[in-house]
file input-v1.txt (compact mmCIF, C-alpha atoms)
# COMPACT_ATOMS: atom_id res chain seq x y z
CA MET A 197 78.05 7.43 123.52
CA ILE A 198 81.01 7.15 125.90
CA GLY A 199 83.97 8.11 123.75
CA SER A 200 83.21 5.83 120.85
CA ILE A 201 81.32 3.13 122.78
CA PRO A 202 77.57 3.27 122.22
CA LEU A 203 75.50 2.92 125.39
CA GLY A 204 73.56 0.14 123.67
CA ASP A 205 76.62 -2.13 123.83
CA VAL A 206 76.98 -1.51 127.57
CA LEU A 207 73.33 -2.25 128.23
CA LEU A 208 73.49 -5.39 126.09
CA VAL A 209 76.43 -6.81 128.06
CA SER A 210 74.74 -5.81 131.31
CA ALA A 211 71.44 -7.46 130.34
CA ALA A 212 73.20 -10.65 129.23
CA LEU A 213 75.17 -10.90 132.49
CA PHE A 214 72.04 -10.25 134.55
CA SER A 215 70.11 -12.95 132.67
CA ILE A 216 72.96 -15.43 133.20
CA GLY A 217 72.90 -14.60 136.91
CA THR A 218 69.14 -15.15 137.00
CA ALA A 219 69.61 -18.53 135.33
CA GLY A 220 72.15 -19.46 137.98
CA VAL A 221 69.84 -18.45 140.82
CA LEU A 222 66.89 -20.37 139.40
CA LEU A 223 68.63 -23.51 138.14
CA ARG A 224 71.46 -24.29 140.56
CA ARG A 225 70.89 -26.06 143.87
CA ASN A 226 74.22 -25.42 145.54
CA ALA A 227 73.69 -22.45 147.86
CA ILE A 228 77.20 -21.11 147.29
CA GLN A 229 76.70 -21.18 143.54
CA ILE A 230 73.41 -19.32 143.92
CA PHE A 231 75.29 -16.72 145.95
CA LEU A 232 77.95 -16.42 143.23
CA SER A 233 75.18 -15.88 140.67
CA ILE A 234 73.79 -13.06 142.81
CA GLU A 235 77.25 -11.46 142.80
CA LEU A 236 77.24 -11.70 139.00
CA MET A 237 73.82 -9.99 138.86
CA MET A 238 75.10 -7.22 141.09
CA ASN A 239 78.04 -6.70 138.74
CA ALA A 240 75.69 -6.50 135.78
CA ALA A 241 73.78 -3.72 137.53
CA ASN A 242 77.09 -1.99 138.33
CA LEU A 243 78.06 -2.08 134.65
CA ALA A 244 74.78 -0.41 133.65
CA LEU A 245 75.25 2.27 136.35
CA ILE A 246 78.81 3.03 135.19
CA GLY A 247 77.66 3.13 131.58
CA TYR A 248 74.85 5.59 132.28
CA GLY A 249 77.06 7.70 134.55
CA ALA A 250 79.74 7.97 131.87
CA ALA A 251 77.18 8.69 129.14
CA LEU A 252 75.66 11.51 131.21
CA GLY A 253 79.09 12.85 132.11
CA THR A 254 78.64 12.74 135.89
CA HIS A 255 80.46 11.03 138.75
CA GLU A 256 77.27 9.76 140.35
CA GLY A 257 77.42 6.38 138.58
CA GLN A 258 80.87 5.69 139.99
CA VAL A 259 79.85 6.87 143.46
CA ILE A 260 76.86 4.52 143.56
CA VAL A 261 78.92 1.60 142.28
CA PHE A 262 81.52 2.22 144.98
CA PHE A 263 78.83 1.99 147.66
CA VAL A 264 77.35 -1.09 145.99
CA ILE A 265 80.75 -2.82 146.12
CA ALA A 266 81.20 -1.92 149.79
CA ILE A 267 77.75 -3.27 150.64
CA ALA A 268 78.40 -6.38 148.54
CA ALA A 269 81.46 -7.05 150.69
CA ALA A 270 79.33 -6.81 153.85
CA GLU A 271 76.65 -9.01 152.29
CA ALA A 272 79.17 -11.64 151.23
CA SER A 273 80.72 -11.89 154.69
CA VAL A 274 77.37 -12.24 156.46
CA GLY A 275 75.98 -14.61 153.82
CA LEU A 276 78.98 -16.90 153.97
CA ALA A 277 78.81 -16.90 157.76
CA ILE A 278 75.18 -18.05 157.46
CA PHE A 279 76.27 -20.84 155.10
CA VAL A 280 78.98 -21.94 157.52
CA ALA A 281 76.45 -22.08 160.35
CA LEU A 282 73.95 -23.88 158.10
CA PHE A 283 76.50 -26.43 156.96
CA ARG A 284 77.51 -27.10 160.54
CA HIS A 285 73.86 -27.63 161.42
CA THR A 286 72.58 -29.68 158.46
CA GLU A 287 75.77 -31.02 156.79
CA THR A 288 74.54 -29.85 153.38
CA ILE A 289 74.18 -26.68 151.33
CA ASP A 290 71.79 -28.17 148.78
CA VAL A 291 68.86 -25.75 148.87
CA ASN A 292 66.39 -28.56 148.13
CA LYS A 293 67.42 -30.36 151.29
CA ILE A 294 67.22 -27.27 153.49
CA ASN A 295 63.46 -27.21 154.01
CA LEU A 296 63.16 -26.26 157.65
CA LEU A 297 60.80 -23.38 156.85
CA LYS A 298 58.94 -25.16 154.07
CA TRP A 299 56.06 -26.75 155.99
CA MET B 146 84.79 0.26 114.86
CA THR B 147 87.36 2.04 117.01
CA ILE B 148 89.90 0.31 119.24
CA GLN B 149 88.00 1.49 122.35
CA ARG B 150 84.79 -0.16 121.27
CA LEU B 151 86.63 -3.28 120.13
CA VAL B 152 88.29 -3.70 123.55
CA PHE B 153 84.99 -3.08 125.38
CA ASP B 154 83.08 -5.59 123.27
CA ALA B 155 85.84 -8.20 123.58
CA ALA B 156 85.98 -7.78 127.38
CA GLY B 157 82.18 -7.89 127.57
CA LEU B 158 82.10 -11.12 125.58
CA ILE B 159 84.74 -12.66 127.86
CA ALA B 160 82.70 -11.61 130.91
CA ILE B 161 79.53 -13.16 129.43
CA LEU B 162 81.37 -16.34 128.42
CA PHE B 163 82.95 -16.90 131.83
CA GLY B 164 79.76 -15.90 133.62
CA GLY B 165 78.00 -18.64 131.67
CA LEU B 166 80.77 -21.10 132.52
CA MET B 167 80.30 -20.22 136.20
CA VAL B 168 76.60 -21.10 136.04
CA VAL B 169 77.20 -24.49 134.39
CA ALA B 170 80.27 -25.37 136.49
CA ARG B 171 79.89 -28.73 138.24
CA ASN B 172 82.37 -27.82 140.94
CA ALA B 173 81.84 -24.75 143.11
CA VAL B 174 85.59 -24.02 143.32
CA ARG B 175 85.78 -23.98 139.53
CA GLY B 176 82.76 -21.66 139.54
CA VAL B 177 84.57 -19.18 141.79
CA LEU B 178 87.70 -19.26 139.62
CA THR B 179 85.76 -18.65 136.38
CA LEU B 180 83.96 -15.77 138.09
CA VAL B 181 87.36 -14.22 138.91
CA VAL B 182 88.09 -14.12 135.17
CA ALA B 183 84.67 -12.58 134.48
CA PHE B 184 85.29 -9.87 137.09
CA PHE B 185 88.70 -9.05 135.61
CA ALA B 186 87.04 -8.67 132.21
CA LEU B 187 84.45 -6.38 133.80
CA ALA B 188 87.29 -4.29 135.25
CA VAL B 189 88.58 -3.84 131.69
CA CYS B 190 85.07 -2.72 130.70
CA TYR B 191 85.10 -0.15 133.52
CA VAL B 192 88.42 1.27 132.30
CA MET B 193 86.95 1.62 128.82
CA LEU B 194 83.96 3.41 130.38
CA LEU B 195 86.23 6.10 131.89
CA SER B 196 86.14 4.71 135.46
CA PRO B 197 89.69 3.56 136.29
CA PHE B 198 89.17 3.97 140.05
CA ILE B 199 86.15 1.65 140.06
CA ALA B 200 88.14 -0.80 137.93
CA ALA B 201 90.86 -0.86 140.60
CA VAL B 202 88.27 -1.33 143.36
CA GLN B 203 86.68 -4.12 141.33
CA VAL B 204 89.98 -6.00 141.09
CA ILE B 205 91.07 -5.39 144.68
CA VAL B 206 87.77 -5.77 146.55
CA TYR B 207 85.67 -8.03 144.30
CA ALA B 208 88.15 -10.34 142.64
CA GLY B 209 90.69 -10.01 145.44
CA ALA B 210 88.71 -10.03 148.67
CA ILE B 211 85.14 -11.24 148.14
CA LEU B 212 85.88 -14.15 145.82
CA VAL B 213 88.85 -15.23 147.91
CA LEU B 214 86.46 -15.27 150.88
CA PHE B 215 84.19 -17.58 148.87
CA LEU B 216 87.14 -19.80 148.03
CA PHE B 217 88.20 -19.80 151.66
CA VAL B 218 84.76 -20.91 152.86
CA LEU B 219 84.57 -23.61 150.18
CA MET B 220 87.95 -24.98 151.23
CA LEU B 221 87.05 -24.67 154.92
CA LEU B 222 83.80 -26.61 154.57
CA ASN B 223 85.37 -29.00 152.05
CA ILE B 224 82.29 -28.97 149.83
CA GLY B 225 84.19 -28.71 146.58
CA HIS B 226 84.13 -32.50 146.32
CA MET B 227 80.48 -33.15 147.03
CA PRO B 228 78.75 -35.48 144.57
CA PRO B 229 76.96 -33.52 141.85
CA GLU B 230 73.43 -32.87 143.03
CA ARG B 231 70.96 -34.31 140.58
CA SER B 232 68.03 -34.47 142.92
CA GLY B 233 65.78 -35.25 139.98
CA ARG B 234 63.31 -32.41 139.71
CA PRO B 235 62.94 -31.95 135.95
CA MET B 236 59.88 -29.71 136.36
CA GLN B 237 61.93 -27.27 138.43
CA THR B 238 64.65 -27.09 135.78
CA PHE B 239 62.11 -26.69 132.98
CA LEU B 240 60.17 -23.92 134.68
CA GLY B 241 63.41 -22.19 135.67
CA SER B 242 64.63 -22.24 132.07
CA VAL B 243 61.33 -20.86 130.77
CA GLY B 244 61.45 -18.13 133.41
CA VAL B 245 65.01 -17.15 132.48
CA LEU B 246 64.16 -17.02 128.75
CA VAL B 247 61.09 -14.85 129.35
CA PHE B 248 63.06 -12.59 131.67
CA ALA B 249 65.95 -12.20 129.19
CA ALA B 250 63.54 -11.40 126.37
CA LEU B 251 61.79 -8.78 128.51
CA LEU B 252 65.09 -7.24 129.56
CA LEU B 253 66.47 -7.05 126.03
CA GLY B 254 63.18 -5.64 124.73
CA THR B 255 63.16 -2.98 127.44
CA LEU B 256 66.78 -1.97 126.98
CA ARG B 257 66.70 -1.87 123.18
CA GLY B 258 67.00 1.76 122.20
CA ALA B 259 67.25 2.94 125.81
CA GLY B 260 70.66 4.46 125.07
CA ALA B 261 69.25 6.80 122.43
CA ALA B 262 67.28 8.75 125.05
CA ILE B 263 70.47 10.16 126.57
CA PRO B 264 71.39 13.68 125.41
CA ALA B 265 74.60 13.66 123.39
CA THR B 266 77.10 15.65 125.45
CA THR B 267 76.13 17.17 128.73
CA GLY B 268 78.17 17.12 131.90
CA MET B 269 81.94 17.06 132.23
CA ASP B 270 84.58 16.12 129.69
CA PRO B 271 86.10 12.59 129.64
CA ALA B 272 89.39 13.60 131.29
CA ALA B 273 87.63 15.04 134.36
CA LEU B 274 85.29 12.05 134.48
CA ALA B 275 88.15 9.54 134.65
CA ASP B 276 90.12 11.60 137.19
CA PRO B 277 90.18 9.89 140.63
CA ALA B 278 91.08 13.19 142.32
CA SER B 279 87.87 14.95 141.34
CA LEU B 280 85.89 11.79 142.14
CA SER B 281 87.33 11.64 145.64
CA ARG B 282 86.67 15.34 146.13
CA GLN B 283 83.00 14.60 145.48
CA PHE B 284 83.15 11.59 147.82
CA PHE B 285 84.47 13.53 150.77
CA SER B 286 82.24 16.57 150.36
CA GLU B 287 78.86 15.65 148.92
CA TYR B 288 78.78 11.99 149.98
CA LEU B 289 80.70 12.13 153.27
CA LEU B 290 77.69 11.07 155.37
CA HIS B 291 77.04 8.05 153.12
CA PHE B 292 80.72 7.14 153.26
CA GLU B 293 80.70 7.12 157.07
CA ALA B 294 77.40 5.21 157.13
CA VAL B 295 78.99 2.49 154.98
CA SER B 296 81.86 2.21 157.44
CA VAL B 297 79.37 1.61 160.26
CA LEU B 298 77.60 -0.97 158.07
CA LEU B 299 80.88 -2.81 157.49
CA LEU B 300 81.49 -2.88 161.23
CA ALA B 301 77.99 -4.30 161.78
CA ALA B 302 78.65 -6.94 159.11
CA LEU B 303 81.94 -7.85 160.79
CA VAL B 304 80.24 -8.37 164.15
CA GLY B 305 77.32 -10.17 162.52
CA ALA B 306 79.56 -12.58 160.63
CA PHE B 307 81.48 -13.33 163.81
CA VAL B 308 78.32 -14.01 165.84
CA LEU B 309 76.78 -16.19 163.11
CA ALA B 310 79.81 -18.35 162.40
CA ARG B 311 80.88 -18.79 166.02
CA ARG B 312 80.73 -22.31 167.35
CA GLU B 313 78.43 -22.40 170.34
CA LYS B 314 79.98 -23.84 173.45
CA LYS B 315 78.47 -27.09 174.65
CA PRO B 316 77.04 -26.65 178.17
call {"tool": "encode", "arguments": {"input": "input-v1.txt", "output": "structure tokens"}}
result
Amino acid sequence: MIGSIPLGDVLLVSAALFSIGTAGVLLRRNAIQIFLSIELMMNAANLALIGYGAALGTHEGQVIVFFVIAIAAAEASVGLAIFVALFRHTETIDVNKINLLKW
Amino acid sequence: MTIQRLVFDAAGLIAILFGGLMVVARNAVRGVLTLVVAFFALAVCYVMLLSPFIAAVQVIVYAGAILVLFLFVLMLLNIGHMPPERSGRPMQTFLGSVGVLVFAALLLGTLRGAGAAIPATTGMDPAALADPASLSRQFFSEYLLHFEAVSVLLLAALVGAFVLARREKKP
């Protein structure tokens, strides 16, 4: 319990968001949308960390989430730079058409 | 049902709803904008979970900086108006859906009752937990090395993004 919020609610929201993110990664073909889904999954994990941290009464959950957000910013900048380079090279960001490493 | 729990559940439902809308969005720009709403709802969840500082960081860094970067790249490449990709692989969609359903069932089964294992009240009281001052004191004493390492990582990412996205000069 965090105040009057049961931890089960937090974990339920987190699991639902993570599953939605997984669906986006597996079903979408637009590379940017796959990337957005990964961001959503990361936020689901953050929510679970904050929930557990608050339930245990420590700051560690918030500390880890702060680092996760900082690293997500670095990841987003590098990932988008890769997409820009890829789009310049192949004129598409459809992951089915980017099969340079497939064969 | 207290007001706290009501607000948390409502914000969680909004986050789930707009997260789902992001996944089914035809247009990538619309996907980014729905995800902004989902992240704002998550910030409300963080406030309800006694983490106002993380909620502020979520709004400023995630919704403010990262998603605007996405929007910027989408506008720059002008791929918001690409024809919807139906490259006709029904098997891929089917297997993906089955995988997601199995994964969600596993996750829910694992997490059911996981909250009960936490001891009732250990640790600090809610006021100290939500206090940014005591959080930052912990940051700059116990986690100072990690903090500095992250700053180096951000610098590396800055240089990496510049090198990757640079247009190579034609000889």
call {"tool": "residues_around", "arguments": {"input": "input-v1.txt", "residues": "Ala266 (chain A)", "least_positions_apart": "2", "cutoff": "12 Å", "atoms": "only C-alpha atoms", "output": "PDB file with C-alpha atoms, in the frame of the given file"}}
result
ATOM      1  CA  MET A 238      75.100  -7.220 141.090  1.00  0.00           C
ATOM      2  CA  VAL A 259      79.850   6.870 143.460  1.00  0.00           C
ATOM      3  CA  ILE A 260      76.860   4.520 143.560  1.00  0.00           C
ATOM      4  CA  VAL A 261      78.920   1.600 142.280  1.00  0.00           C
ATOM      5  CA  PHE A 262      81.520   2.220 144.980  1.00  0.00           C
ATOM      6  CA  PHE A 263      78.830   1.990 147.660  1.00  0.00           C
ATOM      7  CA  VAL A 264      77.350  -1.090 145.990  1.00  0.00           C
ATOM      8  CA  ALA A 268      78.400  -6.380 148.540  1.00  0.00           C
ATOM      9  CA  ALA A 269      81.460  -7.050 150.690  1.00  0.00           C
ATOM     10  CA  ALA A 270      79.330  -6.810 153.850  1.00  0.00           C
ATOM     11  CA  GLU A 271      76.650  -9.010 152.290  1.00  0.00           C
ATOM     12  CA  ALA A 272      79.170 -11.640 151.230  1.00  0.00           C
ATOM     13  CA  SER A 273      80.720 -11.890 154.690  1.00  0.00           C
TER      14      SER A 273
ATOM     15  CA  ILE B 199      86.150   1.650 140.060  1.00  0.00           C
ATOM     16  CA  VAL B 202      88.270  -1.330 143.360  1.00  0.00           C
ATOM     17  CA  GLN B 203      86.680  -4.120 141.330  1.00  0.00           C
ATOM     18  CA  ILE B 205      91.070  -5.390 144.680  1.00  0.00           C
ATOM     19  CA  VAL B 206      87.770  -5.770 146.550  1.00  0.00           C
ATOM     20  CA  TYR B 207      85.670  -8.030 144.300  1.00  0.00           C
ATOM     21  CA  ALA B 210      88.710 -10.030 148.670  1.00  0.00           C
ATOM     22  CA  ILE B 211      85.140 -11.240 148.140  1.00  0.00           C
ATOM     23  CA  HIS B 291      77.040   8.050 153.120  1.00  0.00           C
ATOM     24  CA  PHE B 292      80.720   7.140 153.260  1.00  0.00           C
ATOM     25  CA  GLU B 293      80.700   7.120 157.070  1.00  0.00           C
ATOM     26  CA  ALA B 294      77.400   5.210 157.130  1.00  0.00           C
ATOM     27  CA  VAL B 295      78.990   2.490 154.980  1.00  0.00           C
ATOM     28  CA  SER B 296      81.860   2.210 157.440  1.00  0.00           C
ATOM     29  CA  VAL B 297      79.370   1.610 160.260  1.00  0.00           C
ATOM     30  CA  LEU B 298      77.600  -0.970 158.070  1.00  0.00           C
ATOM     31  CA  LEU B 299      80.880  -2.810 157.490  1.00  0.00           C
ATOM     32  CA  LEU B 300      81.490  -2.880 161.230  1.00  0.00           C
ATOM     33  CA  ALA B 302      78.650  -6.940 159.110  1.00  0.00           C
TER      34      ALA B 302
END
call {"tool": "residues_around", "arguments": {"input": "input-v1.txt", "residues": "region 151-155 of chain B", "least_positions_apart": "2", "cutoff": "8 Å", "atoms": "all atoms listed in the file", "output": "VMD selection string"}}
result
(chain A and resid 201 205) or (chain B and resid 146 to 149 157 to 159 189 to 190 193)
call {"tool": "atom_distance", "arguments": {"input": "input-v1.txt", "atom1": "CA of Val174 (chain B)", "atom2": "CA of Leu216 (chain B)"}}
result
6.5 Å
call {"tool": "closest_atom_pairs", "arguments": {"input": "input-v1.txt", "of": "chain A", "to": "chain B", "cutoff": "7 Å", "atoms": "all atoms listed in the file", "output": "tab-separated table"}}
result
residue	atom	partner	partner_atom	distance
A:Ile198	CA	B:Leu194	CA	6.5
A:Ser200	CA	B:Arg150	CA	6.2
A:Ile201	CA	B:Arg150	CA	5.0
A:Leu203	CA	B:Gly260	CA	5.1
A:Gly204	CA	B:Gly260	CA	5.4
A:Leu207	CA	B:Leu256	CA	6.7
A:Val209	CA	B:Gly157	CA	5.9
A:Ala211	CA	B:Leu252	CA	6.4
A:Ala212	CA	B:Ile161	CA	6.8
A:Leu213	CA	B:Ile161	CA	5.8
A:Ser215	CA	B:Ala249	CA	5.5
A:Ile216	CA	B:Gly165	CA	6.2
A:Thr218	CA	B:Val245	CA	6.4
A:Ala219	CA	B:Val245	CA	5.6
A:Gly220	CA	B:Val168	CA	5.1
A:Leu222	CA	B:Gly241	CA	5.4
A:Leu223	CA	B:Thr238	CA	5.9
A:Gln229	CA	B:Ala173	CA	6.3
A:Gly247	CA	B:Leu194	CA	6.4
A:Ala250	CA	B:Leu194	CA	6.4
A:Leu252	CA	B:Gly268	CA	6.2
A:Gly253	CA	B:Gly268	CA	4.4
A:Thr254	CA	B:Gly268	CA	5.9
A:His255	CA	B:Leu280	CA	6.4
A:Gln258	CA	B:Ile199	CA	6.6
A:Phe262	CA	B:Ile199	CA	6.8
A:Ala269	CA	B:Ile211	CA	6.1
A:Ala270	CA	B:Ala302	CA	5.3
A:Ala272	CA	B:Ile211	CA	6.7
A:Ser273	CA	B:Ala306	CA	6.1
A:Val274	CA	B:Ala306	CA	4.7
A:Ala277	CA	B:Ala310	CA	5.0
A:Ile278	CA	B:Leu309	CA	6.2
A:Val280	CA	B:Ala310	CA	6.1
A:Ala281	CA	B:Ala310	CA	5.4
call {"tool": "write_last_selection", "arguments": {"input": "input-v1.txt", "atoms": "C-alpha atoms", "output": "PDB file, in the frame of the given file"}}
result
ATOM      1  CA  ILE A 198      81.010   7.150 125.900  1.00  0.00           C
ATOM      2  CA  SER A 200      83.210   5.830 120.850  1.00  0.00           C
ATOM      3  CA  ILE A 201      81.320   3.130 122.780  1.00  0.00           C
ATOM      4  CA  LEU A 203      75.500   2.920 125.390  1.00  0.00           C
ATOM      5  CA  GLY A 204      73.560   0.140 123.670  1.00  0.00           C
ATOM      6  CA  LEU A 207      73.330  -2.250 128.230  1.00  0.00           C
ATOM      7  CA  VAL A 209      76.430  -6.810 128.060  1.00  0.00           C
ATOM      8  CA  ALA A 211      71.440  -7.460 130.340  1.00  0.00           C
ATOM      9  CA  ALA A 212      73.200 -10.650 129.230  1.00  0.00           C
ATOM     10  CA  LEU A 213      75.170 -10.900 132.490  1.00  0.00           C
ATOM     11  CA  SER A 215      70.110 -12.950 132.670  1.00  0.00           C
ATOM     12  CA  ILE A 216      72.960 -15.430 133.200  1.00  0.00           C
ATOM     13  CA  THR A 218      69.140 -15.150 137.000  1.00  0.00           C
ATOM     14  CA  ALA A 219      69.610 -18.530 135.330  1.00  0.00           C
ATOM     15  CA  GLY A 220      72.150 -19.460 137.980  1.00  0.00           C
ATOM     16  CA  LEU A 222      66.890 -20.370 139.400  1.00  0.00           C
ATOM     17  CA  LEU A 223      68.630 -23.510 138.140  1.00  0.00           C
ATOM     18  CA  GLN A 229      76.700 -21.180 143.540  1.00  0.00           C
ATOM     19  CA  GLY A 247      77.660   3.130 131.580  1.00  0.00           C
ATOM     20  CA  ALA A 250      79.740   7.970 131.870  1.00  0.00           C
ATOM     21  CA  LEU A 252      75.660  11.510 131.210  1.00  0.00           C
ATOM     22  CA  GLY A 253      79.090  12.850 132.110  1.00  0.00           C
ATOM     23  CA  THR A 254      78.640  12.740 135.890  1.00  0.00           C
ATOM     24  CA  HIS A 255      80.460  11.030 138.750  1.00  0.00           C
ATOM     25  CA  GLN A 258      80.870   5.690 139.990  1.00  0.00           C
ATOM     26  CA  PHE A 262      81.520   2.220 144.980  1.00  0.00           C
ATOM     27  CA  ALA A 269      81.460  -7.050 150.690  1.00  0.00           C
ATOM     28  CA  ALA A 270      79.330  -6.810 153.850  1.00  0.00           C
ATOM     29  CA  ALA A 272      79.170 -11.640 151.230  1.00  0.00           C
ATOM     30  CA  SER A 273      80.720 -11.890 154.690  1.00  0.00           C
ATOM     31  CA  VAL A 274      77.370 -12.240 156.460  1.00  0.00           C
ATOM     32  CA  ALA A 277      78.810 -16.900 157.760  1.00  0.00           C
ATOM     33  CA  ILE A 278      75.180 -18.050 157.460  1.00  0.00           C
ATOM     34  CA  VAL A 280      78.980 -21.940 157.520  1.00  0.00           C
ATOM     35  CA  ALA A 281      76.450 -22.080 160.350  1.00  0.00           C
TER      36      ALA A 281
END
call {"tool": "atom_distance", "arguments": {"input": "input-v1.txt", "atom1": "CA of Ala272 (chain B)", "atom2": "CA of Pro202 (chain A)"}}
result
18.1 Å
call {"tool": "residues_near_point", "arguments": {"input": "input-v1.txt", "point": "(72.7, -12.4, 143.0)", "cutoff": "9 Å", "atoms": "only C-alpha atoms", "output": "PyMOL selection string"}}
result
chain A and resi 214+217-218+220-221+230-239
call {"tool": "closest_residue", "arguments": {"input": "input-v1.txt", "among": "B:Val213, B:Ser286, B:Glu313, B:Leu178", "to": "His285 (chain A)", "atoms": "all atoms listed in the file"}}
result
B:Glu313
call {"tool": "atom_distance", "arguments": {"input": "input-v1.txt", "atom1": "CA of Met220 (chain B)", "atom2": "CA of Leu296 (chain A)"}}
result
25.6 Å
call {"tool": "axis_aligned_box", "arguments": {"input": "input-v1.txt", "around": "region 203-211 of chain B", "padding_each_side": "4 Å", "output": "JSON"}}
result
{"center_x": 88.1, "center_y": -7.7, "center_z": 144.9, "size_x": 13.9, "size_y": 15.1, "size_z": 15.6}
